[in-house]
2 protein chains.
Amino acid sequence: MKSTFYREIHLRSRPVGLPVLDNFELLEFPLPAPVDGEVLVRNLYMSVDPYMRGRMREGKSYAAAYEIGRVLYGGAVGQVVESRSEALAEGDLVYSNKGWREYFTAPAGKLTQIFPDVAPLQSFLGVLGMPGLTAYVGFLDLGQPKEGQTVFVSAAAGAVGSLVCQIAKIKGCRVVGSAGSAEKVAWLVEEAGIDAALNYKETADLNDELRRLCPEGIDIYFENVGGEHLEVALKRMNNFGRVVVCGMIAHYNASEPVAGPSNLSLVISKRLSITGFIISDHHDRLANFYTDLGRWMSDGQIKWRETIVEGLENAPQALIGLFSGDNIGKMVVQIGATLSLKPPS
Amino acid sequence: MKSTFYREIHLRSRPVGLPVLDNFELLEFPLPAPVDGEVLVRNLYMSVDPYMRGRMREGKSYAAAYEIGRVLYGGAVGQVVESRSEALAEGDLVYSNKGWREYFTAPAGKLTQIFPDVAPLQSFLGVLGMPGLTAYVGFLDLGQPKEGQTVFVSAAAGAVGSLVCQIAKIKGCRVVGSAGSAEKVAWLVEEAGIDAALNYKETADLNDELRRLCPEGIDIYFENVGGEHLEVALKRMNNFGRVVVCGMIAHYNASEPVAGPSNLSLVISKRLSITGFIISDHHDRLANFYTDLGRWMSDGQIKWRETIVEGLENAPQALIGLFSGDNIGKMVVQIGATLSLKPPS
């Protein structure tokens, strides 16, 4: 069952602008053996996320930069294939930050065991994982929605955006989303059940379109994109509105500085707040997140999509594809099939 | 004592870019007579404030635009010269929003009587008035300072900035200010007692200078200016820092859109908040403001400067001068001398 060698992906060089395949390197290494207290884990799914682009950049960010010549990392779910710890048994499923590789060893205590009763395994990288918590905390804690308010979400069909949209609907808001294809727009309106969606790639004048779709203005803008979306949203915000800045994907690959919105002084006349956040500061909200999301999912109030790419060797292209919107919902890379799940107890 | 005619200043035309004298018109009218319940007030001092530039623009802002061919208005202190109300007697001093004119009539109940025991009359337009409350609420409520934090203030020698600086010192912060002349810098450090000040007009590299003056980064940036100041402040902010946006004077006279900061995505990685406010939303804080400020002033903890321009006819130039930093502290226009103050009771 176990191979003798396994593969992992290293950062070969730092990208300038959009990453290219040549920035990555697929390498083979002998399979490590767990020592006492450790387990050997075979990864099943790994996550690719927009934030990873930031870590490919040199220098200080909120997290250490990926190092050249070293393995990349990120969220992954895997299965224990060999255990030298009583904490985890062969077959157990775990969440780790050790993506971008087929196998790894780690102290059992450093891993989070997961139990995929409510949703498929890979959803622990999406709706039940970091992107889900990001949507939950960003929208509810920072957005402070009130029933009847209008919420505008950019990258609305993405892993985070699609959940923000649906939590906003559950909270009684009117929800308008922006996405980059007709398919995404249709999914948002017909499946996710939001009030209106626009395909920004086919919209001649984003301001006119938003004025039409949000006739009572915008109270909360959930920002995943930056650039023109932010400028137009500021223009259409209501007094005392809140801009929750989760991401600015339009800026991540810029090799030149991207000018900020030219109407930023609207924050004064409209008394706006613009607040950025990083989800790793908010792990204290995990229990509430699982409670609420579990209920909403079992009530059928949450729909989600995943875009699954097969094979570790395709992970670099999956990451690159995020920046052209190749994904609907969470983009994950399937690395291996589950060996055998323990029968439900 | 009373004239038969009085003068007031009208908006003749809307400025493009920096206002010019020709945008204003000084006109003479017969003195109005108060009807029952009204008083006739002779203005003594009127305020010129940067926000007035916004009202000279056509279209919706947070307040109605000044109308062409109509009298301008703004904060003023004056003295009752004729009363047909029991609420106010001849000689009483009042605060009103009826600046830009020598005389006016108004229902006595619409005016706020003031008692200049603690500070000169004109300070009700500055440190004890709207600019003072702006500094108090903006810095304390929105800035949420903690002892030992570093505060950076732009337009630090202005009416609002100079008070922010001193409240920040009272709260145990390290305070660095930016101003536009050597005289202002000297006043800030030597009189207002802040930790360091820079003359941005003589600073080759604002980022280098701020790095030097704020070696532990910036926790609160009190924004009065916009433009390069905001971009550099974002660069030097600490994680979880707060940008309180009181004004963006560098943008007010722009006839073309001013590009926003190119590093706005730092709000994510540094978890920053950027919050705008307008003081008229915060009049519920007046009692606290007067209590605290009264104590600080009687303890000698607050220094202030005023720039007094003589004569209503010079009010347009005084307003224009705000945008080239002609003022240290509050810029006021003296319209007339106090007739006779009642002896202190």
# chains A, B, ... in the order shown; residues from 1 in each chain; ligands from 1

call {"tool": "interface_residues", "arguments": {"of": "chain B", "to": "chain A", "cutoff": "7 Å", "atoms": "only C-alpha atoms", "output": "PyMOL selection string"}}
result
chain B and resi 61-62+245-248+257-262+264-265+267-278

call {"tool": "write_last_selection", "arguments": {"atoms": "N, CA and C atoms", "output": "mmCIF file, in the first residue's frame"}}
result
data_model
loop_
_atom_site.group_PDB
_atom_site.id
_atom_site.type_symbol
_atom_site.label_atom_id
_atom_site.label_comp_id
_atom_site.auth_asym_id
_atom_site.auth_seq_id
_atom_site.Cartn_x
_atom_site.Cartn_y
_atom_site.Cartn_z
ATOM 1 N N SER B 61 -23.452 66.119 -0.186
ATOM 2 C CA SER B 61 -22.386 65.739 0.725
ATOM 3 C C SER B 61 -23.122 65.368 2.005
ATOM 4 N N TYR B 62 -22.439 65.324 3.130
ATOM 5 C CA TYR B 62 -23.169 65.011 4.366
ATOM 6 C C TYR B 62 -24.012 66.193 4.794
ATOM 7 N N VAL B 245 -10.056 58.931 10.295
ATOM 8 C CA VAL B 245 -10.044 59.901 9.197
ATOM 9 C C VAL B 245 -10.959 61.063 9.540
ATOM 10 N N CYS B 246 -10.315 62.156 9.919
ATOM 11 C CA CYS B 246 -11.023 63.382 10.274
ATOM 12 C C CYS B 246 -11.156 64.272 9.045
ATOM 13 N N GLY B 247 -10.124 64.299 8.233
ATOM 14 C CA GLY B 247 -10.145 65.140 7.041
ATOM 15 C C GLY B 247 -9.102 64.682 6.045
ATOM 16 N N MET B 248 -9.215 65.169 4.839
ATOM 17 C CA MET B 248 -8.214 64.900 3.800
ATOM 18 C C MET B 248 -8.014 66.190 3.028
ATOM 19 N N PRO B 257 -9.715 63.537 -9.874
ATOM 20 C CA PRO B 257 -9.671 62.547 -8.791
ATOM 21 C C PRO B 257 -8.227 62.321 -8.313
ATOM 22 N N VAL B 258 -8.057 62.222 -7.006
ATOM 23 C CA VAL B 258 -6.739 61.957 -6.421
ATOM 24 C C VAL B 258 -6.646 60.454 -6.165
ATOM 25 N N ALA B 259 -5.626 59.801 -6.725
ATOM 26 C CA ALA B 259 -5.489 58.359 -6.521
ATOM 27 C C ALA B 259 -5.326 58.065 -5.038
ATOM 28 N N GLY B 260 -5.961 57.023 -4.574
ATOM 29 C CA GLY B 260 -5.816 56.595 -3.187
ATOM 30 C C GLY B 260 -4.472 55.926 -2.978
ATOM 31 N N PRO B 261 -4.191 55.540 -1.738
ATOM 32 C CA PRO B 261 -2.903 54.913 -1.439
ATOM 33 C C PRO B 261 -2.739 53.602 -2.202
ATOM 34 N N SER B 262 -1.549 53.391 -2.732
ATOM 35 C CA SER B 262 -1.321 52.197 -3.554
ATOM 36 C C SER B 262 -1.078 50.976 -2.678
ATOM 37 N N LEU B 264 -3.123 50.009 -0.066
ATOM 38 C CA LEU B 264 -4.313 49.852 0.766
ATOM 39 C C LEU B 264 -4.519 48.408 1.216
ATOM 40 N N SER B 265 -3.952 47.447 0.466
ATOM 41 C CA SER B 265 -4.151 46.055 0.879
ATOM 42 C C SER B 265 -3.401 45.751 2.177
ATOM 43 N N VAL B 267 -4.248 46.932 4.811
ATOM 44 C CA VAL B 267 -5.296 46.808 5.838
ATOM 45 C C VAL B 267 -5.560 45.342 6.171
ATOM 46 N N ILE B 268 -5.309 44.456 5.193
ATOM 47 C CA ILE B 268 -5.507 43.027 5.465
ATOM 48 C C ILE B 268 -4.341 42.486 6.290
ATOM 49 N N SER B 269 -3.141 42.559 5.739
ATOM 50 C CA SER B 269 -2.006 41.909 6.403
ATOM 51 C C SER B 269 -1.746 42.507 7.779
ATOM 52 N N LYS B 270 -2.037 43.804 7.952
ATOM 53 C CA LYS B 270 -1.809 44.438 9.253
ATOM 54 C C LYS B 270 -3.087 44.539 10.088
ATOM 55 N N ARG B 271 -4.190 44.060 9.581
ATOM 56 C CA ARG B 271 -5.473 44.108 10.309
ATOM 57 C C ARG B 271 -5.784 45.530 10.750
ATOM 58 N N LEU B 272 -5.740 46.440 9.816
ATOM 59 C CA LEU B 272 -5.993 47.837 10.143
ATOM 60 C C LEU B 272 -7.468 48.163 10.005
ATOM 61 N N SER B 273 -7.881 49.209 10.701
ATOM 62 C CA SER B 273 -9.184 49.783 10.402
ATOM 63 C C SER B 273 -8.988 51.244 10.013
ATOM 64 N N ILE B 274 -9.789 51.667 9.071
ATOM 65 C CA ILE B 274 -9.790 53.053 8.598
ATOM 66 C C ILE B 274 -11.220 53.540 8.803
ATOM 67 N N THR B 275 -11.402 54.552 9.636
ATOM 68 C CA THR B 275 -12.758 54.958 9.989
ATOM 69 C C THR B 275 -12.923 56.462 9.855
ATOM 70 N N GLY B 276 -13.929 56.850 9.106
ATOM 71 C CA GLY B 276 -14.241 58.265 8.968
ATOM 72 C C GLY B 276 -15.353 58.671 9.914
ATOM 73 N N PHE B 277 -15.404 59.949 10.223
ATOM 74 C CA PHE B 277 -16.476 60.421 11.115
ATOM 75 C C PHE B 277 -16.756 61.893 10.845
ATOM 76 N N ILE B 278 -17.932 62.299 11.301
ATOM 77 C CA ILE B 278 -18.360 63.692 11.213
ATOM 78 C C ILE B 278 -18.860 64.083 12.585
#

call {"tool": "residues_around", "arguments": {"residues": "Arg305 of chain A", "least_positions_apart": "6", "cutoff": "7 Å", "atoms": "only C-alpha atoms", "output": "ChimeraX atom specification"}}
result
/A:328-330

call {"tool": "residues_around", "arguments": {"residues": "Glu202 of chain B", "least_positions_apart": "3", "cutoff": "9 Å", "atoms": "only C-alpha atoms", "output": "VMD selection string"}}
result
chain B and resid 180 to 182 198 to 199

call {"tool": "atom_distance", "arguments": {"atom1": "atom CA of Tyr200 of chain A", "atom2": "atom CA of Met130 of chain A"}}
result
26.3 Å

call {"tool": "residues_around", "arguments": {"residues": "Gly109 of chain B", "least_positions_apart": "2", "cutoff": "9 Å", "atoms": "only C-alpha atoms", "output": "list in words"}}
result
Gly37, Glu38, Ser85, Ala87, Leu88, Ala106, Pro107, Leu111 and Thr112 of chain B
